[in-house]
>>> print(open('query_22.cif').read())   # mmCIF, C-alpha atoms and all ligand atoms
data_target
loop_
_atom_site.label_atom_id
_atom_site.label_comp_id
_atom_site.auth_asym_id
_atom_site.auth_seq_id
_atom_site.Cartn_x
_atom_site.Cartn_y
_atom_site.Cartn_z
CA MET C 1 -10.44 19.64 -12.18
CA HIS C 2 -11.93 18.92 -8.76
CA PRO C 3 -9.95 20.91 -6.20
CA THR C 4 -9.31 17.89 -3.98
CA VAL C 5 -6.21 15.98 -5.10
CA ILE C 6 -3.67 13.47 -3.87
CA GLU C 7 -0.18 14.63 -4.77
CA ILE C 8 2.57 12.07 -5.18
CA ASN C 9 6.02 13.59 -4.83
CA LYS C 10 8.17 11.92 -7.49
CA LYS C 11 11.53 12.83 -5.97
CA ILE C 12 10.61 11.52 -2.54
CA PHE C 13 9.14 8.28 -3.87
CA GLU C 14 12.15 7.60 -6.07
CA ASN C 15 14.49 8.38 -3.22
CA ASN C 16 12.63 5.91 -0.98
CA LEU C 17 13.31 3.14 -3.50
CA VAL C 18 16.96 4.21 -3.83
CA GLN C 19 17.43 4.10 -0.05
CA ILE C 20 15.82 0.65 0.17
CA ARG C 21 18.22 -0.53 -2.55
CA LYS C 22 21.15 0.79 -0.53
CA GLN C 23 19.89 -1.00 2.54
CA ILE C 24 19.42 -4.40 0.88
CA GLY C 25 22.65 -4.22 -1.15
CA VAL C 26 23.46 -5.40 -4.65
CA GLY C 27 22.36 -8.92 -5.42
CA VAL C 28 19.05 -8.61 -3.58
CA ARG C 29 16.13 -7.83 -5.85
CA LEU C 30 13.34 -5.39 -5.06
CA LEU C 31 9.65 -6.19 -5.60
CA LEU C 32 7.27 -3.25 -5.19
CA PRO C 33 3.86 -4.26 -3.80
CA ILE C 34 1.45 -2.12 -5.74
CA LYS C 35 -1.86 -3.72 -4.77
CA ALA C 36 -4.92 -1.74 -3.68
CA ASN C 37 -4.24 1.11 -6.10
CA ALA C 38 -0.59 1.25 -4.98
CA TYR C 39 -1.64 1.70 -1.34
CA GLY C 40 -3.98 4.47 -2.49
CA HIS C 41 -1.21 6.32 -4.35
CA GLY C 42 -2.52 5.49 -7.86
CA LEU C 43 -1.66 2.19 -9.56
CA ILE C 44 -0.58 3.34 -12.98
CA SER C 45 1.28 6.51 -12.09
CA VAL C 46 3.21 4.71 -9.35
CA ALA C 47 4.03 1.80 -11.69
CA GLN C 48 5.39 4.21 -14.29
CA LEU C 49 7.55 6.03 -11.74
CA ALA C 50 8.80 2.80 -10.22
CA GLU C 51 9.42 0.58 -13.23
CA PRO C 52 13.01 1.73 -13.87
CA LEU C 53 13.85 1.36 -10.17
CA VAL C 54 12.42 -2.05 -9.21
CA ASP C 55 12.79 -5.64 -10.43
CA TYR C 56 9.28 -6.92 -9.83
CA PHE C 57 5.78 -5.74 -9.05
CA GLY C 58 3.38 -7.50 -6.68
CA VAL C 59 -0.41 -7.27 -6.98
CA ALA C 60 -3.23 -8.94 -5.09
CA CYS C 61 -5.39 -10.08 -7.96
CA LEU C 62 -5.77 -10.65 -11.68
CA ASP C 63 -7.47 -7.31 -12.45
CA GLU C 64 -4.64 -5.30 -10.96
CA GLY C 65 -2.16 -7.30 -13.04
CA ILE C 66 -4.14 -6.72 -16.23
CA SER C 67 -4.31 -2.96 -15.57
CA LEU C 68 -0.54 -2.88 -15.23
CA ARG C 69 0.04 -4.81 -18.45
CA GLN C 70 -2.48 -2.63 -20.31
CA SER C 71 -0.63 0.48 -19.19
CA GLY C 72 2.55 -0.93 -20.70
CA VAL C 73 4.38 -2.36 -17.68
CA SER C 74 6.79 -5.04 -18.89
CA LYS C 75 8.64 -6.00 -15.68
CA PRO C 76 7.61 -9.30 -14.01
CA ILE C 77 4.37 -9.14 -12.01
CA LEU C 78 3.61 -11.58 -9.21
CA VAL C 79 -0.03 -12.07 -8.21
CA PHE C 80 -0.03 -12.73 -4.45
CA GLY C 81 -3.61 -13.87 -4.05
CA ALA C 82 -5.02 -17.34 -4.30
CA ILE C 83 -6.46 -17.78 -7.77
CA ASP C 84 -9.75 -19.00 -9.09
CA GLU C 85 -9.88 -21.60 -11.86
CA GLU C 86 -11.62 -19.15 -14.23
CA GLN C 87 -8.77 -16.69 -13.84
CA ILE C 88 -6.03 -18.99 -15.12
CA ARG C 89 -6.53 -17.94 -18.71
CA GLY C 90 -6.25 -14.21 -17.91
CA LEU C 91 -3.18 -14.80 -15.79
CA VAL C 92 -1.42 -16.81 -18.49
CA GLU C 93 -2.38 -14.50 -21.37
CA ASN C 94 -1.12 -11.44 -19.50
CA ASN C 95 2.16 -13.02 -18.51
CA LEU C 96 1.43 -12.74 -14.79
CA GLU C 97 3.22 -15.00 -12.31
CA ILE C 98 0.77 -17.16 -10.40
CA THR C 99 1.06 -17.99 -6.72
CA ILE C 100 0.68 -21.72 -6.14
CA SER C 101 -0.25 -22.77 -2.62
CA SER C 102 -1.54 -26.30 -3.11
CA MET C 103 -1.18 -29.39 -5.26
CA TYR C 104 -4.76 -28.81 -6.39
CA LYS C 105 -4.05 -25.36 -7.87
CA ALA C 106 -0.76 -26.53 -9.36
CA THR C 107 -2.62 -29.32 -11.15
CA LEU C 108 -5.27 -26.93 -12.49
CA VAL C 109 -2.67 -24.58 -13.97
CA HIS C 110 -0.61 -27.50 -15.32
CA GLU C 111 -3.63 -29.02 -17.08
CA TYR C 112 -4.75 -25.67 -18.50
CA CYS C 113 -1.30 -25.09 -20.00
CA LEU C 114 -1.10 -28.60 -21.46
CA LYS C 115 -4.51 -28.24 -23.03
CA TYR C 116 -3.80 -24.86 -24.66
CA ASP C 117 -0.12 -25.44 -25.34
CA LYS C 118 1.04 -22.60 -23.06
CA LYS C 119 3.75 -22.15 -20.48
CA CYS C 120 3.24 -20.34 -17.22
CA LYS C 121 5.54 -18.84 -14.61
CA VAL C 122 4.61 -19.78 -11.08
CA GLN C 123 5.83 -19.14 -7.56
CA ILE C 124 5.19 -21.47 -4.67
CA LYS C 125 3.96 -19.88 -1.45
CA VAL C 126 4.91 -21.56 1.79
CA ASP C 127 3.18 -20.90 5.09
CA THR C 128 5.87 -20.43 7.73
CA GLY C 129 3.64 -18.92 10.38
CA MET C 130 1.06 -16.51 8.99
CA ASN C 131 -1.48 -19.34 8.84
CA ARG C 132 -3.18 -17.82 5.83
CA VAL C 133 -2.58 -19.14 2.30
CA GLY C 134 0.52 -21.20 1.61
CA ILE C 135 1.56 -24.82 1.59
CA ARG C 136 2.77 -26.18 4.93
CA PRO C 137 6.52 -26.84 5.07
CA GLU C 138 5.90 -30.57 5.58
CA SER C 139 3.93 -30.75 2.31
CA PHE C 140 6.36 -28.57 0.35
CA ASN C 141 8.56 -31.27 -1.20
CA PRO C 142 5.88 -33.12 -3.18
CA LEU C 143 4.60 -29.79 -4.55
CA LEU C 144 8.12 -28.73 -5.50
CA ASP C 145 8.65 -32.09 -7.24
CA PHE C 146 5.42 -31.69 -9.17
CA VAL C 147 6.16 -28.13 -10.35
CA LEU C 148 9.75 -28.92 -11.33
CA ALA C 149 8.66 -32.04 -13.22
CA SER C 150 5.96 -30.20 -15.17
CA SER C 151 6.90 -29.38 -18.76
CA VAL C 152 4.61 -26.33 -18.77
CA LEU C 153 5.12 -24.74 -15.35
CA ILE C 154 8.20 -22.59 -14.91
CA LEU C 155 9.16 -22.13 -11.27
CA THR C 156 10.51 -18.57 -10.85
CA GLY C 157 10.12 -18.12 -7.10
CA VAL C 158 9.37 -19.56 -3.70
CA TYR C 159 8.12 -17.23 -0.99
CA SER C 160 6.49 -16.85 2.39
CA HIS C 161 5.02 -13.96 4.38
CA LEU C 162 5.93 -12.58 7.81
CA ALA C 163 3.14 -12.24 10.37
CA MET C 164 4.67 -9.81 12.87
CA SER C 165 7.89 -8.43 11.46
CA GLU C 166 7.33 -4.98 12.97
CA ALA C 167 6.93 -6.29 16.53
CA THR C 168 9.53 -5.49 19.17
CA ASP C 169 9.29 -9.09 20.23
CA LYS C 170 11.26 -10.77 17.47
CA TRP C 171 10.97 -14.47 18.14
CA VAL C 172 8.03 -15.24 15.83
CA THR C 173 9.85 -13.62 12.90
CA GLU C 174 13.08 -15.42 13.76
CA ALA C 175 11.23 -18.75 13.79
CA GLN C 176 9.73 -17.92 10.38
CA ILE C 177 13.18 -17.04 9.01
CA THR C 178 14.57 -20.36 10.28
CA SER C 179 11.69 -22.31 8.79
CA PHE C 180 12.03 -20.49 5.45
CA SER C 181 15.83 -21.02 5.38
CA ALA C 182 15.29 -24.77 5.39
CA ILE C 183 12.92 -24.42 2.43
CA VAL C 184 15.46 -22.24 0.59
CA GLU C 185 18.17 -24.88 1.04
CA THR C 186 15.96 -27.55 -0.49
CA VAL C 187 15.06 -25.29 -3.43
CA LYS C 188 18.59 -24.14 -4.22
CA VAL C 189 19.84 -27.71 -4.59
CA ARG C 190 17.16 -28.41 -7.18
CA LYS C 191 17.07 -25.11 -9.12
CA PRO C 192 19.51 -22.38 -8.02
CA SER C 193 17.91 -19.65 -10.16
CA VAL C 194 14.62 -19.71 -8.19
CA ILE C 195 14.11 -16.38 -6.38
CA CYS C 196 13.43 -17.00 -2.69
CA HIS C 197 11.81 -14.12 -0.80
CA LEU C 198 10.25 -13.40 2.57
CA ALA C 199 10.72 -9.81 3.79
CA ASN C 200 7.92 -7.21 3.89
CA SER C 201 8.55 -3.68 5.22
CA GLY C 202 9.11 -4.88 8.78
CA GLY C 203 11.55 -7.51 7.52
CA VAL C 204 13.50 -4.87 5.58
CA CYS C 205 13.57 -2.50 8.57
CA TYR C 206 14.29 -4.87 11.41
CA HIS C 207 15.48 -8.27 10.08
CA PRO C 208 18.37 -8.25 7.58
CA SER C 209 18.51 -12.06 7.79
CA SER C 210 15.09 -12.12 6.08
CA TYR C 211 16.35 -10.59 2.80
CA PHE C 212 17.29 -13.81 0.87
CA ASP C 213 17.11 -13.11 -2.94
CA MET C 214 14.41 -10.41 -2.97
CA VAL C 215 12.42 -8.16 -0.61
CA ARG C 216 8.79 -6.97 -0.85
CA PRO C 217 8.45 -3.72 1.11
CA GLY C 218 5.12 -2.00 0.48
CA LEU C 219 4.46 0.54 3.21
CA LEU C 220 8.16 1.42 3.47
CA SER C 221 8.45 2.20 -0.24
CA TYR C 222 5.65 4.74 0.11
CA GLY C 223 7.51 6.34 2.99
CA TYR C 224 6.17 4.94 6.26
CA PHE C 225 7.71 2.72 8.92
CA PRO C 226 5.68 -0.25 10.05
CA GLY C 227 6.78 -0.24 13.68
CA GLU C 228 7.70 2.15 16.44
CA ASN C 229 11.32 1.00 16.64
CA LEU C 230 14.07 3.49 15.92
CA ILE C 231 15.35 3.51 12.34
CA THR C 232 18.90 4.61 11.51
CA GLY C 233 21.10 4.55 8.41
CA ASN C 234 19.80 4.63 4.83
CA LEU C 235 16.22 3.93 5.80
CA ALA C 236 16.08 7.03 8.00
CA GLU C 237 16.11 9.02 4.72
CA ILE C 238 12.73 7.58 3.76
CA SER C 239 9.67 9.84 3.99
CA PRO C 240 6.05 9.97 2.82
CA CYS C 241 5.46 10.95 -0.82
CA PHE C 242 1.66 11.30 -0.37
CA SER C 243 -0.20 14.56 0.34
CA LEU C 244 -3.93 15.18 0.39
CA LYS C 245 -4.92 18.71 -0.55
CA SER C 246 -8.06 20.67 -1.25
CA ARG C 247 -9.25 24.27 -1.49
CA VAL C 248 -11.75 26.28 0.49
CA SER C 249 -14.96 26.17 -1.53
CA TYR C 250 -17.31 28.35 0.53
CA PHE C 251 -17.20 30.95 3.30
CA LYS C 252 -19.94 32.30 5.53
CA VAL C 253 -20.40 34.15 8.78
CA VAL C 254 -22.80 32.55 11.28
CA ASN C 255 -24.18 33.64 14.64
CA LYS C 256 -23.24 32.45 18.11
CA GLY C 257 -24.93 29.24 19.30
CA VAL C 258 -25.67 27.88 15.82
CA GLY C 259 -25.53 24.15 15.07
CA ILE C 260 -23.29 23.11 12.16
CA SER C 261 -23.75 20.16 9.75
CA TYR C 262 -25.87 17.00 10.15
CA ASN C 263 -27.34 16.49 13.60
CA HIS C 264 -25.77 19.74 14.81
CA ARG C 265 -22.96 17.96 16.58
CA TYR C 266 -21.02 21.23 16.74
CA HIS C 267 -22.26 24.60 18.00
CA THR C 268 -20.58 27.95 17.49
CA SER C 269 -19.46 29.71 20.64
CA GLU C 270 -19.38 33.17 19.11
CA MET C 271 -20.35 34.90 15.89
CA THR C 272 -17.81 33.23 13.64
CA ARG C 273 -16.53 32.31 10.19
CA ILE C 274 -17.39 28.88 8.81
CA ILE C 275 -15.64 27.55 5.74
CA THR C 276 -16.44 24.48 3.65
CA ILE C 277 -13.88 22.01 2.25
CA PRO C 278 -15.00 19.83 -0.70
CA ILE C 279 -14.05 16.33 0.48
CA GLY C 280 -16.05 13.86 2.55
CA TYR C 281 -16.53 10.22 3.42
CA GLY C 282 -17.64 9.60 -0.19
CA ASP C 283 -14.02 10.20 -1.15
CA GLY C 284 -12.62 8.12 1.70
CA TYR C 285 -12.09 10.97 4.17
CA ARG C 286 -13.59 9.07 7.04
CA ARG C 287 -16.63 10.21 8.97
CA GLY C 288 -14.92 9.10 12.17
CA LEU C 289 -12.87 12.30 11.90
CA SER C 290 -15.99 14.44 12.55
CA ASN C 291 -15.16 17.04 15.25
CA SER C 292 -11.65 15.60 15.58
CA GLY C 293 -9.73 15.70 12.27
CA GLU C 294 -7.58 18.73 11.51
CA VAL C 295 -6.53 20.73 8.47
CA ILE C 296 -3.84 23.31 7.72
CA ILE C 297 -4.83 26.59 6.07
CA ARG C 298 -2.53 29.59 5.74
CA ASN C 299 0.01 27.84 7.93
CA LYS C 300 -2.45 27.32 10.81
CA ARG C 301 -4.13 24.20 12.10
CA TYR C 302 -7.90 24.06 12.54
CA ARG C 303 -10.20 21.36 13.83
CA ILE C 304 -13.10 20.04 11.72
CA SER C 305 -16.44 21.36 13.01
CA GLY C 306 -19.33 18.92 13.13
CA THR C 307 -20.19 15.82 11.14
CA ILE C 308 -18.27 15.07 7.96
CA CYS C 309 -20.75 14.82 5.07
CA MET C 310 -20.45 12.63 1.99
CA ASP C 311 -18.85 15.33 -0.17
CA MET C 312 -17.73 18.08 2.20
CA PHE C 313 -17.11 19.21 5.74
CA MET C 314 -16.99 22.48 7.64
CA VAL C 315 -14.40 24.25 9.75
CA ASP C 316 -15.00 27.03 12.28
CA ILE C 317 -11.99 29.30 11.80
CA GLY C 318 -13.07 31.76 14.53
CA SER C 319 -14.22 35.35 14.33
CA ASN C 320 -10.77 36.55 13.24
CA GLY C 321 -9.84 33.44 11.21
CA GLU C 322 -8.20 34.12 7.86
CA ALA C 323 -9.27 31.74 5.12
CA TYR C 324 -11.04 32.51 1.88
CA VAL C 325 -12.50 30.70 -1.08
CA GLY C 326 -9.67 29.20 -3.15
CA ASP C 327 -7.14 28.95 -0.31
CA GLU C 328 -5.14 25.73 -0.22
CA VAL C 329 -6.15 23.28 2.50
CA VAL C 330 -3.75 20.51 3.51
CA LEU C 331 -5.41 17.45 5.01
CA ILE C 332 -2.35 15.18 4.96
CA GLY C 333 1.14 16.51 4.36
CA LYS C 334 3.02 19.76 4.76
CA GLN C 335 2.24 23.43 4.35
CA GLY C 336 4.77 26.04 5.45
CA ASP C 337 6.26 24.83 8.71
CA GLN C 338 3.17 22.81 9.63
CA GLU C 339 2.76 19.09 9.01
CA LEU C 340 -0.25 16.84 9.35
CA LYS C 341 0.83 13.24 9.45
CA ILE C 342 -1.32 10.35 8.36
CA GLU C 343 -0.35 8.66 11.63
CA GLU C 344 -2.55 11.23 13.41
CA LEU C 345 -5.56 10.27 11.30
CA ALA C 346 -4.89 6.56 11.80
CA SER C 347 -4.66 6.98 15.53
CA LYS C 348 -7.84 9.08 15.77
CA LEU C 349 -9.61 6.42 13.71
CA ASP C 350 -8.11 3.61 15.79
CA THR C 351 -6.62 1.95 12.73
CA ILE C 352 -3.38 1.56 10.78
CA ILE C 353 -1.85 3.81 8.09
CA TYR C 354 -2.54 1.13 5.45
CA GLU C 355 -6.29 1.31 5.95
CA VAL C 356 -6.44 5.12 5.81
CA LEU C 357 -4.33 5.21 2.62
CA VAL C 358 -6.27 2.60 0.67
CA GLY C 359 -9.58 4.19 1.69
CA PHE C 360 -9.09 7.20 -0.61
CA ASN C 361 -10.97 6.27 -3.75
CA GLU C 362 -11.10 7.10 -7.43
CA ARG C 363 -13.05 10.32 -6.93
CA ILE C 364 -9.81 11.99 -5.92
CA SER C 365 -7.33 12.54 -8.76
CA ARG C 366 -3.74 11.49 -8.23
CA VAL C 367 -1.17 13.91 -9.56
CA VAL C 368 2.56 13.39 -9.70
CA VAL C 369 4.43 16.54 -8.71
C1 LIG N 401 1.09 -6.59 0.95
C2 LIG N 401 2.19 -7.58 0.90
C3 LIG N 401 3.52 -7.19 1.16
C4 LIG N 401 3.90 -5.80 1.62
O1 LIG N 401 3.63 -5.61 2.98
P1 LIG N 401 4.10 -4.27 3.72
O2 LIG N 401 3.76 -4.50 5.13
O3 LIG N 401 3.33 -3.15 3.11
O4 LIG N 401 5.56 -4.14 3.48
C5 LIG N 401 4.50 -8.14 1.00
N1 LIG N 401 4.20 -9.40 0.64
C6 LIG N 401 2.93 -9.81 0.41
C7 LIG N 401 2.68 -11.22 0.02
C8 LIG N 401 1.89 -8.92 0.55
O5 LIG N 401 0.64 -9.32 0.33
#
>>> encode(input="query_22.cif", output="structure tokens")
Amino acid sequence: MHPTVIEINKKIFENNLVQIRKQIGVGVRLLLPIKANAYGHGLISVAQLAEPLVDYFGVACLDEGISLRQSGVSKPILVFGAIDEEQIRGLVENNLEITISSMYKATLVHEYCLKYDKKCKVQIKVDTGMNRVGIRPESFNPLLDFVLASSVLILTGVYSHLAMSEATDKWVTEAQITSFSAIVETVKVRKPSVICHLANSGGVCYHPSSYFDMVRPGLLSYGYFPGENLITGNLAEISPCFSLKSRVSYFKVVNKGVGISYNHRYHTSEMTRIITIPIGYGDGYRRGLSNSGEVIIRNKRYRISGTICMDMFMVDIGSNGEAYVGDEVVLIGKQGDQELKIEELASKLDTIIYEVLVGFNERISRVVV
């Protein structure tokens, strides 16, 4: 096996879901967003760990839903994304719940099901302030009427998405909650069993009034907090289950004043020891971390030396540095009493944790430990 792996800590991940359950209380369902390869954690292995602990899965697109069904997942799966007409068949055949955001799409699904004598579970998405997909609240009632009147569409849920739930300034979220509450009232009169849901991770952390019948925390389930605000109680027990590890693959001694890697963007300041780590931007370890990213080896932190290549990068460990071929290298996670948080990488790359996580691609194996 390639020495570079992403380790998913089963105990920590499971505990995150348990703590979220405690926070939301009995009676509120839990949907695990598992899109984008489960936020880079590995779609299938995460689904298998999570299935006994969650009520629903959420994916972005048809292909992700099919992969889950093919791996044996039987819990309900909601496809968040707007769908294409050609995808209706795949969605229906794989028992995936379709997001309906317009009368046009509702009609397409309705007609498909009539034609092929099928039934299909759907959820209506309302736009309460994200201004992305979703029917506007003022157009909601006719769509609701249509879906409820259809003999082939089964309405299982109505949902909306929060635009800035992690912000310290709470008024936008509060306005969205108010707008969604009015929708929920209308729905419950017509069909009480419909699952109404709004909260993402920020909603779960900072807005208990956004819980309704189900919550959809993605980032939080994987162990990260979406905002800077202080977290107390059950959620404080949540922690990252993701580590990125490799092994030293090469060791050499080089002279003082030597340029290292492409374009010689790093020069040695003494005769020193240079080691190579077999991961690069071709795996999703971003080139923007050249000369700035850090690693932990033998309980010590070192800075990356020079440009990150497609498949490897180098580290100057100094003339007395101790690191040899085969030694474990931690790029994200803990080793001994040292910890390298993904937040550090995100901040050096001027991005968010989400983007760093989903950037790690299929070249790196995911292992559950
Ligand atoms: C991705 C997604 C979520 C999860 O968002 P987090 O910020 O990771 O909690 C929830 N709902 C929808 C519709 C999403 O697309």
>>> closest_residue(input="query_22.cif", among="C:Pro137, C:Gly280, C:Gly223, C:Pro217", to="ligand LIG 401 (chain N)", atoms="all atoms listed in the file")
C:Pro217
>>> residues_around(input="query_22.cif", residues="Arg247 (chain C)", least_positions_apart="4", cutoff="12 Å", atoms="all atoms listed in the file", output="NGL selection string")
:C and (1-5 or 251 or 275-279 or 295-298 or 312-313 or 323-331)
>>> residues_around(input="query_22.cif", residues="region 163-174 of chain C", least_positions_apart="3", cutoff="12 Å", atoms="only C-alpha atoms", output="ChimeraX atom specification")
/C:127-132,160,177-181,198-210,217,219-220,225-231
>>> residues_around(input="query_22.cif", residues="Tyr112 (chain C)", least_positions_apart="3", cutoff="12 Å", atoms="all atoms listed in the file", output="number ranges by chain")
C: 85-93, 105-109, 115-120, 152-153
>>> write_last_selection(input="query_22.cif", atoms="C-alpha atoms", output="PDB file, in the frame of the given file")
ATOM      1  CA  GLU C  85      -9.880 -21.600 -11.860  1.00  0.00           C
ATOM      2  CA  GLU C  86     -11.620 -19.150 -14.230  1.00  0.00           C
ATOM      3  CA  GLN C  87      -8.770 -16.690 -13.840  1.00  0.00           C
ATOM      4  CA  ILE C  88      -6.030 -18.990 -15.120  1.00  0.00           C
ATOM      5  CA  ARG C  89      -6.530 -17.940 -18.710  1.00  0.00           C
ATOM      6  CA  GLY C  90      -6.250 -14.210 -17.910  1.00  0.00           C
ATOM      7  CA  LEU C  91      -3.180 -14.800 -15.790  1.00  0.00           C
ATOM      8  CA  VAL C  92      -1.420 -16.810 -18.490  1.00  0.00           C
ATOM      9  CA  GLU C  93      -2.380 -14.500 -21.370  1.00  0.00           C
ATOM     10  CA  LYS C 105      -4.050 -25.360  -7.870  1.00  0.00           C
ATOM     11  CA  ALA C 106      -0.760 -26.530  -9.360  1.00  0.00           C
ATOM     12  CA  THR C 107      -2.620 -29.320 -11.150  1.00  0.00           C
ATOM     13  CA  LEU C 108      -5.270 -26.930 -12.490  1.00  0.00           C
ATOM     14  CA  VAL C 109      -2.670 -24.580 -13.970  1.00  0.00           C
ATOM     15  CA  LYS C 115      -4.510 -28.240 -23.030  1.00  0.00           C
ATOM     16  CA  TYR C 116      -3.800 -24.860 -24.660  1.00  0.00           C
ATOM     17  CA  ASP C 117      -0.120 -25.440 -25.340  1.00  0.00           C
ATOM     18  CA  LYS C 118       1.040 -22.600 -23.060  1.00  0.00           C
ATOM     19  CA  LYS C 119       3.750 -22.150 -20.480  1.00  0.00           C
ATOM     20  CA  CYS C 120       3.240 -20.340 -17.220  1.00  0.00           C
ATOM     21  CA  VAL C 152       4.610 -26.330 -18.770  1.00  0.00           C
ATOM     22  CA  LEU C 153       5.120 -24.740 -15.350  1.00  0.00           C
TER      23      LEU C 153
END
>>> closest_residue(input="query_22.cif", among="C:Thr232, C:Thr351, C:Asn320, C:Thr156", to="Arg286 (chain C)", atoms="all atoms listed in the file")
C:Thr351
>>> atom_distance(input="query_22.cif", atom1="CA of Tyr159 (chain C)", atom2="CA of Val358 (chain C)")
24.6 Å
>>> residues_around(input="query_22.cif", residues="Tyr222 (chain C)", least_positions_apart="2", cutoff="9 Å", atoms="all atoms listed in the file", output="PyMOL selection string")
chain C and resi 12-13+16-17+38-39+41+217-220+224+238-242
>>> write_last_selection(input="query_22.cif", atoms="C-alpha atoms", output="PDB file, in the frame of the given file")
ATOM      1  CA  ILE C  12      10.610  11.520  -2.540  1.00  0.00           C
ATOM      2  CA  PHE C  13       9.140   8.280  -3.870  1.00  0.00           C
ATOM      3  CA  ASN C  16      12.630   5.910  -0.980  1.00  0.00           C
ATOM      4  CA  LEU C  17      13.310   3.140  -3.500  1.00  0.00           C
ATOM      5  CA  ALA C  38      -0.590   1.250  -4.980  1.00  0.00           C
ATOM      6  CA  TYR C  39      -1.640   1.700  -1.340  1.00  0.00           C
ATOM      7  CA  HIS C  41      -1.210   6.320  -4.350  1.00  0.00           C
ATOM      8  CA  PRO C 217       8.450  -3.720   1.110  1.00  0.00           C
ATOM      9  CA  GLY C 218       5.120  -2.000   0.480  1.00  0.00           C
ATOM     10  CA  LEU C 219       4.460   0.540   3.210  1.00  0.00           C
ATOM     11  CA  LEU C 220       8.160   1.420   3.470  1.00  0.00           C
ATOM     12  CA  TYR C 224       6.170   4.940   6.260  1.00  0.00           C
ATOM     13  CA  ILE C 238      12.730   7.580   3.760  1.00  0.00           C
ATOM     14  CA  SER C 239       9.670   9.840   3.990  1.00  0.00           C
ATOM     15  CA  PRO C 240       6.050   9.970   2.820  1.00  0.00           C
ATOM     16  CA  CYS C 241       5.460  10.950  -0.820  1.00  0.00           C
ATOM     17  CA  PHE C 242       1.660  11.300  -0.370  1.00  0.00           C
TER      18      PHE C 242
END
>>> residues_around(input="query_22.cif", residues="Glu344 (chain C)", least_positions_apart="5", cutoff="10 Å", atoms="all atoms listed in the file", output="PyMOL selection string")
chain C and resi 293-294+332+349-350+353
>>> closest_residue(input="query_22.cif", among="C:Cys196, C:Leu143, C:Leu78, C:Val368", to="ligand LIG 401 (chain N)", atoms="all atoms listed in the file")
C:Leu78
>>> atom_distance(input="query_22.cif", atom1="CA of Phe80 (chain C)", atom2="CA of Gly58 (chain C)")
6.6 Å
>>> atom_distance(input="query_22.cif", atom1="CA of Asn37 (chain C)", atom2="CA of Glu362 (chain C)")
9.2 Å
>>> closest_residue(input="query_22.cif", among="C:Ser246, C:His197, C:Phe360, C:Asn291", to="Tyr211 (chain C)", atoms="all atoms listed in the file")
C:His197
>>> axis_aligned_box(input="query_22.cif", around="ligand LIG 401 (chain N)", padding_each_side="4 Å", output="lines of an AutoDock Vina configuration file")
center_x = 3.1
center_y = -7.2
center_z = 2.6
size_x = 12.9
size_y = 16.1
size_z = 13.1
>>> closest_residue(input="query_22.cif", among="C:Ile8, C:Leu53, C:Val215, C:Ile195", to="ligand LIG 401 (chain N)", atoms="all atoms listed in the file")
C:Val215
>>> closest_residue(input="query_22.cif", among="C:Phe146, C:Phe212, C:Phe140, C:Tyr354", to="ligand LIG 401 (chain N)", atoms="all atoms listed in the file")
C:Tyr354
>>> decode(input="query_22.cif", residues="region 161-171 of chain C", atoms="N, CA and C atoms", output="CSV table (one decimal), in the first residue's frame")
chain,number,residue,atom,x,y,z
C,161,HIS,N,-32.1,26.2,3.4
C,161,HIS,CA,-30.7,26.2,3.8
C,161,HIS,C,-30.3,27.5,4.3
C,162,LEU,N,-29.5,27.5,5.4
C,162,LEU,CA,-29.0,28.7,6.1
C,162,LEU,C,-27.8,29.3,5.4
C,163,ALA,N,-27.8,30.6,5.2
C,163,ALA,CA,-26.7,31.2,4.5
C,163,ALA,C,-25.5,31.7,5.3
C,164,MET,N,-25.8,32.0,6.6
C,164,MET,CA,-24.7,32.5,7.5
C,164,MET,C,-24.9,32.1,8.9
C,165,SER,N,-25.2,30.8,9.1
C,165,SER,CA,-25.5,30.4,10.5
C,165,SER,C,-24.4,30.4,11.4
C,166,GLU,N,-23.1,30.5,10.9
C,166,GLU,CA,-22.0,30.5,11.8
C,166,GLU,C,-21.6,32.0,12.2
C,167,ALA,N,-22.3,33.0,11.6
C,167,ALA,CA,-21.9,34.3,11.9
C,167,ALA,C,-22.2,34.8,13.3
C,168,THR,N,-21.4,35.7,13.8
C,168,THR,CA,-21.7,36.2,15.2
C,168,THR,C,-23.0,37.1,15.1
C,169,ASP,N,-23.1,37.7,14.0
C,169,ASP,CA,-24.3,38.6,13.7
C,169,ASP,C,-25.4,37.6,13.3
C,170,LYS,N,-26.4,37.5,14.2
C,170,LYS,CA,-27.4,36.4,14.0
C,170,LYS,C,-28.7,36.8,13.2
C,171,TRP,N,-28.8,38.0,12.9
C,171,TRP,CA,-30.2,38.5,12.4
C,171,TRP,C,-30.6,37.8,11.1
